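Below is one structure; the comments refer to it alone.
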Protein chains: 2
Amino acid sequence: MVNEIPLKYLYESARQGTMRAASEELDVATSSISRQITSFEKELGISLIEKNRRGIKLTEAGQLACTFYRERQAHDEVFLSRIGELRSIRSGKIDLAVGEAFITDEFSMLLQQFMQNYPGVFVSVKVSGTNSSVALVRDDEAHFGLIFDTPRDPKVKARSKVLQPLHVTAHPDHEVCRKKVLTLEELNKFSVGLPEESFRIRQIIHLAEHEQGMFIEPSLVTNSMTLLKDFAKYGRGLTILPDFLAQPELSQGKLCAIPTDSAVLNSTHISLITRVGRQLSPSAYQLLITVEGYLKKSFSSNHEP
Amino acid sequence: MVNEIPLKYLYESARQGTMRAASEELDVATSSISRQITSFEKELGISLIEKNRRGIKLTEAGQLACTFYRERQAHDEVFLSRIGELRSIRSGKIDLAVGEAFITDEFSMLLQQFMQNYPGVFVSVKVSGTNSSVALVRDDEAHFGLIFDTPRDPKVKARSKVLQPLHVTAHPDHEVCRKKVLTLEELNKFSVGLPEESFRIRQIIHLAEHEQGMFIEPSLVTNSMTLLKDFAKYGRGLTILPDFLAQPELSQGKLCAIPTDSAVLNSTHISLITRVGRQLSPSAYQLLITVEGYLKKSFSSNHEP
DNA sequence: GTTTACGTTGTCTTTCTCGCAATCAAAGTA
DNA sequence: TACTTTGATTGCGAGAAAGACAACGTAAAC
């Protein structure tokens with residue numbers, strides 16, 4: 001709309017007092033400066049300078065133009081510095097979508113660590129079911145997400161997967177803990193707690209039931225993973241969980257986890273998901289790498305890129 | 001600092017969703033748009049768009065750039081509209097320097113009239129002696145000025161002059177009013193009031209004294225033109241004034257004015273002065289024309305351009 | 001009258017921007 | 001799977017914008 005060159009030349013000429021001095025300063029020919037200013041005056045339909053023997057002097061309009069130029073410079077600088085910040089991971093907000101209660105102590109430690117390392121970066125975590133987490137990532141409302149199992153949306157793909165089988169989880173004194181492997185059939189001999197239908201874990205269990213042509217009759221159904229864990233912890237029955245959800249208790253020996261013979265339950269994954277084609281900001285990308293490293297380290301087992 | 005073309009293309013592409021549509025809208029080739037955006041990304045060191053099958057989508061940095069573009073547009077518009085106002089006499093402040101008590105009723109009427117005709121224009125009048133009025137005009141602290149006699153500064157020239165002789169002014173009953181012309185010698189027979197040395201009128205009177213090789217002994221010296229006028233009006237003596245300063249009383253017959261035989265006193269002028277080379281804003285120029293017209297009309301006599 | 005320090009104008013060169021056509025890439029569609 | 005459609009990218013030549021350099025015009029200062 002308003003070309004920058006004449007503004008720059010006008011400004012420098014006014015600052016120096018003569019076009020000649022400005023031409024030295026700007027390292028362009030005096031003739032260019034003269035011409036640019038002249039044509040700018042013609043364009044605006046008003047004269048910007050008057051000529052003395054000793055050089056030039058701004059008219060009111062010229063002063064207006066110089067003020068305008070300085071304001072524009074300031075505006076440009078703000079823009080460029082914001083871009084610089086964006087480029088160098090010094091700022092920005094990162095939205096994370098996390099499904100199925102991934103918020104373990106270890107994970108929140110990881111986030112806090114990251115925010116300490118990159119002050120100025122704000123991380124927001126939305127916890128919800130697997131399906132809505134996938135939706136958040138698809139609609140760019142989250143930069144990336146962490147879900148159980150794999151995404152079922154063509155716009156969203158798993159950037160990396162970590163094997164995380166579903167295990168039967170029970171109190172160490174429970175008789176199932178004496179076994180190395182359990183069949184699903186055996187479970188119906190005991191009291192079983194399972195998540196609600198809306199949970200991906202429950203949907204996978206349904207698949208396993210279908211696979212083996214049987215049906216588990218739960219005596220507890222809940223939407224609280226904690227309640228489910230307590231159900232097993234206090235010896236009231238069995239439940240089926242990925243190890244990471246029972247993590248502190250497993251290592252403290254307050255719970256035990258027994259694999260099943262179900263191919264479906266043994267091949268479940270944790271997926272780190274992104275929208276296909278999405279360009280992440282450098283800060284978001286950095287966090288993604290961090291989380292990815294954490295997954296690979298924590299869940300030792302094999303992973304696919 | 002930040003080139004406008006890529007911003008414009010980026011903005012329109014984002015608005016339309018595809019570069020193709022933007023190219024139609026902007027009437028440039030798609031290739032140009034693609035190239036401009038690519039090179040802009042390279043320049044900023046960050047990517048601004050991501051590509052879908054269905055077109056493009058802004059990254060965070062891209063959104064920042066578009067916001068920046070809109071802000072710049074707004075800023076440009078403000079500037080251009082201010083320039084427009086300056087061009088079309090819709091705004092601005094005009095400073096006037098007026099020497100030697102020119103502020104007659106008629107003159108202040110004229111200014112009020114002008115300010116009514118051009119609302120948004122503010123006129124400021126500085127009243128001072130001739131010399132300091134000239135200084136104000138020379139230093140661009142006044143757009144133009146009105147002084148008695150001619151300027152004595154090479155930087156300041158009279159744009160137009162109106163003949164305004166100095167006349168002996170007295171009460172109508174005073175005996176000098178019976179004469180058609182007075183010699184300066186005759187004045188010393190009466191009581192005479194004169195302005196202070198700092199007034200140009202007084203300096204001119206000194207010239208006239210020198211011209212005729214004589215010397216007027218004033219019985220009153222003051223810096224108040226009103227006092228001087230009253231001195232004559234109430235019959236206490238004579239004074240020497242240009243007619244316009246005694247105007248209402250002259251036409252009402254409360255004072256009479258008699259020419260002298262002094263060439264100096266008969267050839268004095270009112271000058272409308274400007275700094276040489278000064279470009280006046282259109283509003284100031286308009287007022288100048290108005291004042292010039294007033295001078296020529298009011299002081300009927302001959303004038304030089 | 002000469003010098004000096006400016007801005008302006010004419011002409012050629014360089015750089016930027018653009019348009020056109022060919023090409024590449026992704027997502028429907030038969 | 002191959003084909004079509006739609007949109008972005010790339011190579012190349014044309015035209016416009018900006019710049020360099022030299023000659024000129026001009027007003028103050030010496």
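Labels used: A, B, ... for chains in the order of the structure tokens, numbers from 1 for residues in each chain, and numbers from 1 for ligands as shown.
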
* Do a neighbour search on stretch 182-192 of chain B at 10 Å with only C-alpha atoms (C1' of nucleotides), toss out local chain neighbours closer than 6 positions, and write the hits as a VMD selection string. => chain B and resid 167 to 170 175 to 176 205 208 to 209 212 to 221 228 231 to 232 235 to 240 258 to 262

For the residues in that selection, give me N, CA and C atoms as a compact mmCIF listing (two decimals), in the first residue's frame.
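Output file selection_24.txt follows:
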```
# COMPACT_ATOMS: atom_id res chain seq x y z
N HIS B 167 -0.34 59.08 9.00
CA HIS B 167 -1.01 60.39 9.01
C HIS B 167 -0.97 60.98 10.41
N VAL B 168 -0.97 62.26 10.42
CA VAL B 168 -1.15 62.94 11.72
C VAL B 168 -2.61 62.78 12.10
N THR B 169 -2.83 62.34 13.32
CA THR B 169 -4.18 62.02 13.76
C THR B 169 -4.52 62.88 14.98
N ALA B 170 -5.70 63.47 14.92
CA ALA B 170 -6.06 64.38 16.01
C ALA B 170 -7.57 64.45 16.17
N GLU B 175 -6.95 72.33 15.75
CA GLU B 175 -6.74 73.30 14.66
C GLU B 175 -6.02 72.70 13.45
N VAL B 176 -5.21 71.62 13.63
CA VAL B 176 -4.50 71.05 12.48
C VAL B 176 -5.47 70.46 11.47
N ILE B 205 9.34 57.23 11.76
CA ILE B 205 9.24 58.66 12.06
C ILE B 205 10.65 59.26 12.21
N ALA B 208 11.95 59.99 8.91
CA ALA B 208 11.35 61.20 8.36
C ALA B 208 12.00 62.45 8.96
N GLU B 209 12.25 62.40 10.28
CA GLU B 209 12.93 63.52 10.93
C GLU B 209 14.28 63.75 10.28
N GLN B 212 14.13 65.36 6.88
CA GLN B 212 13.89 66.80 6.85
C GLN B 212 14.85 67.57 7.77
N GLY B 213 15.77 66.86 8.35
CA GLY B 213 16.76 67.52 9.19
C GLY B 213 16.15 68.22 10.38
N MET B 214 15.16 67.62 10.97
CA MET B 214 14.56 68.22 12.17
C MET B 214 14.30 67.13 13.20
N PHE B 215 13.57 67.45 14.23
CA PHE B 215 13.44 66.57 15.36
C PHE B 215 12.14 66.86 16.09
N ILE B 216 11.32 65.83 16.27
CA ILE B 216 10.05 66.02 16.96
C ILE B 216 10.23 65.72 18.44
N GLU B 217 9.72 66.63 19.27
CA GLU B 217 9.82 66.45 20.73
C GLU B 217 8.49 65.91 21.23
N PRO B 218 8.40 64.62 21.54
CA PRO B 218 7.10 64.09 21.98
C PRO B 218 6.83 64.44 23.43
N SER B 219 5.56 64.69 23.74
CA SER B 219 5.22 64.92 25.14
C SER B 219 4.65 63.64 25.75
N LEU B 220 4.40 62.64 24.92
CA LEU B 220 3.98 61.33 25.43
C LEU B 220 4.66 60.23 24.63
N VAL B 221 5.26 59.26 25.33
CA VAL B 221 5.83 58.08 24.66
C VAL B 221 5.24 56.86 25.34
N LEU B 228 -2.30 55.86 22.86
CA LEU B 228 -1.91 56.89 21.89
C LEU B 228 -3.14 57.45 21.18
N PHE B 231 -5.15 59.52 23.47
CA PHE B 231 -4.46 60.79 23.65
C PHE B 231 -4.97 61.82 22.64
N ALA B 232 -5.13 61.34 21.38
CA ALA B 232 -5.65 62.24 20.34
C ALA B 232 -7.16 62.42 20.48
N GLY B 235 -8.49 64.98 22.75
CA GLY B 235 -8.05 66.34 22.48
C GLY B 235 -6.81 66.79 23.21
N ARG B 236 -6.04 65.84 23.74
CA ARG B 236 -4.86 66.25 24.49
C ARG B 236 -3.67 66.52 23.59
N GLY B 237 -3.78 66.10 22.30
CA GLY B 237 -2.67 66.38 21.41
C GLY B 237 -2.77 65.60 20.11
N LEU B 238 -1.65 65.59 19.37
CA LEU B 238 -1.59 64.89 18.09
C LEU B 238 -0.90 63.56 18.28
N THR B 239 -1.07 62.70 17.25
CA THR B 239 -0.21 61.53 17.17
C THR B 239 -0.05 61.17 15.70
N ILE B 240 0.83 60.19 15.40
CA ILE B 240 1.07 59.79 14.02
C ILE B 240 0.78 58.31 13.90
N ILE B 258 -4.59 63.75 8.88
CA ILE B 258 -4.08 64.71 7.90
C ILE B 258 -2.74 64.22 7.39
N PRO B 259 -2.59 64.16 6.08
CA PRO B 259 -1.30 63.73 5.52
C PRO B 259 -0.22 64.77 5.77
N THR B 260 1.04 64.27 5.72
CA THR B 260 2.17 65.18 5.88
C THR B 260 2.85 65.37 4.53
N ASP B 261 3.84 66.21 4.53
CA ASP B 261 4.61 66.39 3.30
C ASP B 261 5.84 65.50 3.27
N SER B 262 5.96 64.59 4.23
CA SER B 262 7.13 63.72 4.29
C SER B 262 7.00 62.54 3.34
```

* To do: Skip stretch 97-111 of chain B itself and residues of its chain fewer than 6 positions away, then list as a PyMOL selection string all residues within 9 Å of it, counting only C-alpha atoms (C1' of nucleotides).
  => chain B and resi 123-134+136-137+141-148+199-201+225+244-245+247+287+290-291+294

* **Shell around stretch 1-17 of chain D at 12 Å using only C-alpha atoms (C1' of nucleotides), local window under 4 positions removed, as a ChimeraX atom specification** => /A:5,32,35-36 /B:17-23,29-38,49-56 /C:14-30

Keeping only C-alpha atoms (C1' of nucleotides), write the selected residues as a short mmCIF file (atom, residue, chain, number, x, y, z; two decimals), in the first residue's frame.
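Result written to result30.cif:
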```cif
data_model
loop_
_atom_site.label_atom_id
_atom_site.label_comp_id
_atom_site.auth_asym_id
_atom_site.auth_seq_id
_atom_site.Cartn_x
_atom_site.Cartn_y
_atom_site.Cartn_z
CA ILE A 5 11.82 2.68 -0.19
CA SER A 32 17.85 7.41 -6.77
CA ARG A 35 13.75 10.29 -7.86
CA GLN A 36 12.11 8.15 -5.18
CA GLY B 17 -7.79 -21.19 1.06
CA THR B 18 -5.71 -21.83 -2.07
CA MET B 19 -3.01 -20.00 -3.97
CA ARG B 20 -4.98 -20.55 -7.16
CA ALA B 21 -8.00 -18.67 -5.88
CA ALA B 22 -5.74 -15.94 -4.54
CA SER B 23 -4.08 -15.65 -7.92
CA ALA B 29 0.10 -15.92 -11.65
CA THR B 30 -0.05 -18.69 -9.08
CA SER B 31 3.63 -19.25 -9.58
CA SER B 32 4.43 -15.75 -8.39
CA ILE B 33 2.45 -16.31 -5.25
CA SER B 34 4.12 -19.60 -4.58
CA ARG B 35 7.54 -18.11 -5.12
CA GLN B 36 6.94 -15.04 -2.98
CA ILE B 37 5.69 -17.10 -0.09
CA THR B 38 8.53 -19.59 -0.36
CA ILE B 49 1.93 -22.55 5.48
CA GLU B 50 1.36 -26.25 5.27
CA LYS B 51 -0.04 -27.87 2.17
CA ASN B 52 -3.12 -30.02 1.93
CA ARG B 53 -4.72 -31.50 -1.08
CA ARG B 54 -7.42 -28.87 -0.71
CA GLY B 55 -5.04 -25.96 -0.60
CA ILE B 56 -2.99 -24.39 2.12
"C1'" DT C 14 21.19 -4.68 -12.59
"C1'" DT C 15 17.70 -6.71 -9.93
"C1'" DC C 16 12.94 -7.90 -8.99
"C1'" DT C 17 8.64 -9.58 -10.34
"C1'" DC C 18 5.80 -11.75 -13.37
"C1'" DG C 19 3.58 -14.90 -16.88
"C1'" DC C 20 3.53 -19.11 -19.36
"C1'" DA C 21 4.19 -23.79 -19.86
"C1'" DA C 22 5.76 -28.02 -18.13
"C1'" DT C 23 6.04 -30.88 -14.03
"C1'" DC C 24 5.04 -32.83 -9.62
"C1'" DA C 25 1.95 -34.46 -5.95
"C1'" DA C 26 -2.07 -35.88 -3.60
"C1'" DA C 27 -6.77 -37.29 -3.41
"C1'" DG C 28 -10.83 -38.85 -5.49
"C1'" DT C 29 -13.04 -41.98 -9.08
"C1'" DA C 30 -13.91 -45.59 -12.52
#
```

Show me which bits of chain B are within 7 Å of chain A, counting only C-alpha atoms, as a PDB file with N, CA and C atoms, in the first residue's frame.
```pdb
ATOM      1  N   MET B   1      11.872  -3.024   5.464  1.00  0.00           N
ATOM      2  CA  MET B   1      12.278  -4.041   6.441  1.00  0.00           C
ATOM      3  C   MET B   1      11.524  -5.350   6.183  1.00  0.00           C
ATOM      4  N   VAL B   2      10.210  -5.267   6.150  1.00  0.00           N
ATOM      5  CA  VAL B   2       9.410  -6.438   5.786  1.00  0.00           C
ATOM      6  C   VAL B   2       8.653  -6.094   4.509  1.00  0.00           C
ATOM      7  N   ILE B  46      11.309 -19.683   8.855  1.00  0.00           N
ATOM      8  CA  ILE B  46      10.252 -20.454   9.507  1.00  0.00           C
ATOM      9  C   ILE B  46       9.159 -20.684   8.474  1.00  0.00           C
ATOM     10  N   GLU B  50       1.195 -24.822   5.532  1.00  0.00           N
ATOM     11  CA  GLU B  50       1.357 -26.252   5.267  1.00  0.00           C
ATOM     12  C   GLU B  50       0.395 -26.596   4.146  1.00  0.00           C
ATOM     13  N   THR B  59       0.350 -21.812   9.352  1.00  0.00           N
ATOM     14  CA  THR B  59       0.939 -22.267  10.604  1.00  0.00           C
ATOM     15  C   THR B  59       0.783 -21.132  11.611  1.00  0.00           C
ATOM     16  N   ALA B  61       3.097 -19.237  12.730  1.00  0.00           N
ATOM     17  CA  ALA B  61       3.880 -18.110  12.204  1.00  0.00           C
ATOM     18  C   ALA B  61       3.098 -17.418  11.085  1.00  0.00           C
ATOM     19  N   PHE B  68      -0.190  -9.358  11.334  1.00  0.00           N
ATOM     20  CA  PHE B  68       0.733  -8.251  11.108  1.00  0.00           C
ATOM     21  C   PHE B  68       0.346  -7.476   9.854  1.00  0.00           C
ATOM     22  N   ASP B  76      -1.312   2.034   7.458  1.00  0.00           N
ATOM     23  CA  ASP B  76      -1.161   2.736   6.187  1.00  0.00           C
ATOM     24  C   ASP B  76      -2.361   3.628   5.916  1.00  0.00           C
ATOM     25  N   PHE B  79      -2.321   6.780   7.844  1.00  0.00           N
ATOM     26  CA  PHE B  79      -1.350   7.713   7.265  1.00  0.00           C
ATOM     27  C   PHE B  79      -1.906   8.384   6.017  1.00  0.00           C
ATOM     28  N   ILE B  83      -2.653  12.327   5.229  1.00  0.00           N
ATOM     29  CA  ILE B  83      -2.092  13.049   4.095  1.00  0.00           C
ATOM     30  C   ILE B  83      -3.223  13.689   3.298  1.00  0.00           C
ATOM     31  N   ARG B  87      -3.853  17.543   2.435  1.00  0.00           N
ATOM     32  CA  ARG B  87      -3.932  18.009   1.055  1.00  0.00           C
ATOM     33  C   ARG B  87      -5.178  18.852   0.853  1.00  0.00           C
ATOM     34  N   ARG B 278       9.577  28.825   1.490  1.00  0.00           N
ATOM     35  CA  ARG B 278       8.693  28.020   2.337  1.00  0.00           C
ATOM     36  C   ARG B 278       7.495  27.503   1.548  1.00  0.00           C
ATOM     37  N   GLN B 279       7.265  26.173   1.691  1.00  0.00           N
ATOM     38  CA  GLN B 279       6.070  25.569   1.083  1.00  0.00           C
ATOM     39  C   GLN B 279       4.968  25.614   2.110  1.00  0.00           C
TER      40      GLN B 279
END
```

* Considering only C-alpha atoms (C1' of nucleotides), return as a ChimeraX atom specification whatever protein or nucleic-acid residues lie within 7 Å of B:Gln164, sequence-local ones (same chain, fewer than 2 positions apart) excluded. => /B:162,166,242,268-270

Residues of chain C within 10 Å of chain A, counting only C-alpha atoms (C1' of nucleotides), as a JSON list (two decimals) with N, CA and C atoms (P, O5', C5', C4', C3', O3' and C1' of nucleotides), in the first residue's frame:
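The result, stored in result36.json:
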```json
[["chain", "number", "residue", "atom", "x", "y", "z"],
["C", 5, "DA", "P", 32.43, 22.11, -0.50],
["C", 5, "DA", "O5'", 30.89, 21.88, -0.25],
["C", 5, "DA", "C5'", 30.08, 22.93, 0.26],
["C", 5, "DA", "C4'", 28.64, 22.68, -0.13],
["C", 5, "DA", "C3'", 28.25, 21.19, -0.10],
["C", 5, "DA", "O3'", 26.96, 21.07, 0.47],
["C", 5, "DA", "C1'", 27.77, 22.09, -2.21],
["C", 6, "DC", "P", 26.53, 19.71, 1.15],
["C", 6, "DC", "O5'", 25.05, 19.51, 0.64],
["C", 6, "DC", "C5'", 24.86, 19.11, -0.72],
["C", 6, "DC", "C4'", 23.75, 19.91, -1.30],
["C", 6, "DC", "C3'", 22.77, 19.03, -2.07],
["C", 6, "DC", "O3'", 21.65, 18.75, -1.25],
["C", 6, "DC", "C1'", 23.54, 20.85, -3.43],
["C", 7, "DG", "P", 20.73, 17.54, -1.57],
["C", 7, "DG", "O5'", 20.05, 17.98, -2.94],
["C", 7, "DG", "C5'", 19.01, 18.95, -2.91],
["C", 7, "DG", "C4'", 18.52, 19.19, -4.33],
["C", 7, "DG", "C3'", 17.73, 18.04, -4.96],
["C", 7, "DG", "O3'", 16.61, 18.57, -5.66],
["C", 7, "DG", "C1'", 19.60, 18.57, -6.32],
["C", 8, "DT", "P", 15.56, 17.58, -6.36],
["C", 8, "DT", "O5'", 16.08, 17.56, -7.87],
["C", 8, "DT", "C5'", 16.16, 18.79, -8.59],
["C", 8, "DT", "C4'", 16.50, 18.50, -10.05],
["C", 8, "DT", "C3'", 15.72, 17.37, -10.73],
["C", 8, "DT", "O3'", 15.31, 17.84, -12.01],
["C", 8, "DT", "C1'", 18.03, 17.03, -11.01],
["C", 9, "DT", "P", 14.18, 17.02, -12.80],
["C", 9, "DT", "O5'", 14.92, 16.60, -14.15],
["C", 9, "DT", "C5'", 15.96, 17.43, -14.67],
["C", 9, "DT", "C4'", 16.75, 16.67, -15.73],
["C", 9, "DT", "C3'", 16.02, 15.50, -16.41],
["C", 9, "DT", "O3'", 16.24, 15.59, -17.82],
["C", 9, "DT", "C1'", 18.06, 14.75, -15.52]]
```

Residues of chain D within 12 Å of chain A, only C-alpha atoms (C1' of nucleotides) counted, as a PDB file with C-alpha atoms (C1' of nucleotides), in the first residue's frame:
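After the write, selection_23.pdb holds the following:
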```pdb
ATOM      1  C1'  DA D  17      11.566  -1.030 -11.052  1.00  0.00           C
ATOM      2  C1'  DA D  18      15.573   0.597  -8.895  1.00  0.00           C
ATOM      3  C1'  DG D  19      20.158   1.918  -9.106  1.00  0.00           C
ATOM      4  C1'  DA D  20      24.887   3.804 -10.825  1.00  0.00           C
ATOM      5  C1'  DC D  21      27.393   7.289 -13.162  1.00  0.00           C
ATOM      6  C1'  DA D  22      28.135  11.381 -15.438  1.00  0.00           C
ATOM      7  C1'  DT D  26      21.524  26.505  -9.270  1.00  0.00           C
ATOM      8  C1'  DA D  27      22.103  29.289  -5.343  1.00  0.00           C
ATOM      9  C1'  DA D  28      24.977  30.775  -1.679  1.00  0.00           C
ATOM     10  C1'  DA D  29      29.800  31.951  -0.046  1.00  0.00           C
TER      11       DA D  29
END
```

* How far is it from atom CA of A:Ala257 to atom CA of A:Arg159, in Å with one decimal? ->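 Atom CA of A:Arg159 lies at a distance of 28.0 Å from atom CA of A:Ala257.
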
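Here atom CA of B:Tyr11 and atom CA of B:Cys66 stand 5.4 Å from one another.
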
I need the alpha helix (DSSP H) residues of stretch 94-152 of chain B per DSSP on the backbone, written as a compact mmCIF listing (two decimals) with N, CA and C atoms, in the first residue's frame.
```txt
# COMPACT_ATOMS: atom_id res chain seq x y z
N ASP B 105 -11.13 44.96 14.81
CA ASP B 105 -12.33 44.14 14.81
C ASP B 105 -12.50 43.42 13.48
N GLU B 106 -12.24 44.20 12.42
CA GLU B 106 -12.45 43.66 11.09
C GLU B 106 -11.55 42.44 10.84
N PHE B 107 -10.29 42.53 11.33
CA PHE B 107 -9.34 41.45 11.10
C PHE B 107 -9.73 40.20 11.90
N SER B 108 -10.17 40.39 13.12
CA SER B 108 -10.53 39.20 13.89
C SER B 108 -11.81 38.57 13.34
N MET B 109 -12.69 39.40 12.77
CA MET B 109 -13.87 38.88 12.07
C MET B 109 -13.43 37.96 10.93
N LEU B 110 -12.45 38.44 10.21
CA LEU B 110 -11.94 37.69 9.06
C LEU B 110 -11.45 36.30 9.48
N LEU B 111 -10.69 36.26 10.57
CA LEU B 111 -10.17 34.97 11.04
C LEU B 111 -11.29 34.04 11.48
N GLN B 112 -12.25 34.60 12.19
CA GLN B 112 -13.37 33.78 12.64
C GLN B 112 -14.13 33.20 11.46
N GLN B 113 -14.31 34.05 10.46
CA GLN B 113 -14.98 33.61 9.22
C GLN B 113 -14.24 32.42 8.62
N PHE B 114 -12.92 32.54 8.52
CA PHE B 114 -12.10 31.49 7.93
C PHE B 114 -12.22 30.18 8.71
N MET B 115 -12.16 30.29 10.03
CA MET B 115 -12.22 29.09 10.84
C MET B 115 -13.60 28.44 10.75
N GLN B 116 -14.62 29.24 10.49
CA GLN B 116 -15.94 28.66 10.27
C GLN B 116 -15.98 27.91 8.95
N ASN B 117 -15.38 28.51 7.93
CA ASN B 117 -15.40 27.89 6.60
C ASN B 117 -14.59 26.59 6.55
N THR B 130 7.21 44.31 15.08
CA THR B 130 7.57 43.96 13.71
C THR B 130 8.79 43.06 13.64
N ASN B 131 9.84 43.42 14.38
CA ASN B 131 11.06 42.64 14.31
C ASN B 131 10.87 41.21 14.76
N SER B 132 10.16 41.02 15.86
CA SER B 132 10.02 39.64 16.33
C SER B 132 9.03 38.88 15.45
N SER B 133 8.09 39.58 14.83
CA SER B 133 7.21 38.91 13.87
C SER B 133 8.01 38.38 12.70
N VAL B 134 8.94 39.20 12.23
CA VAL B 134 9.80 38.76 11.13
C VAL B 134 10.61 37.53 11.55
N ALA B 135 11.11 37.58 12.80
CA ALA B 135 11.90 36.45 13.29
C ALA B 135 11.06 35.18 13.34
N LEU B 136 9.82 35.30 13.77
CA LEU B 136 8.94 34.12 13.83
C LEU B 136 8.76 33.51 12.45
N VAL B 137 8.57 34.35 11.47
CA VAL B 137 8.37 33.86 10.10
C VAL B 137 9.67 33.24 9.59
N ARG B 138 10.80 33.89 9.86
CA ARG B 138 12.08 33.36 9.39
C ARG B 138 12.34 31.96 9.95
```

* To do: From the DSSP assignment of the backbone, select every residue of stretch 176-271 of chain A that is strand (DSSP E), and format the answer as a list of chain:residue names.
  => A:Val192, A:Gly193, A:Leu194, A:Pro195, A:Leu220, A:Val221, A:Thr222, A:Leu238, A:Thr239, A:Ile240, A:Leu241, A:Pro242, A:Cys256, A:Ala257, A:Ile258, A:His269, A:Ile270, A:Ser271

* **Computed interatomic separation between atom CA of B:Arg275 and atom CA of B:Asp139 (Å)** =>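 Going from atom CA of B:Arg275 over to atom CA of B:Asp139, I get 8.2 Å.
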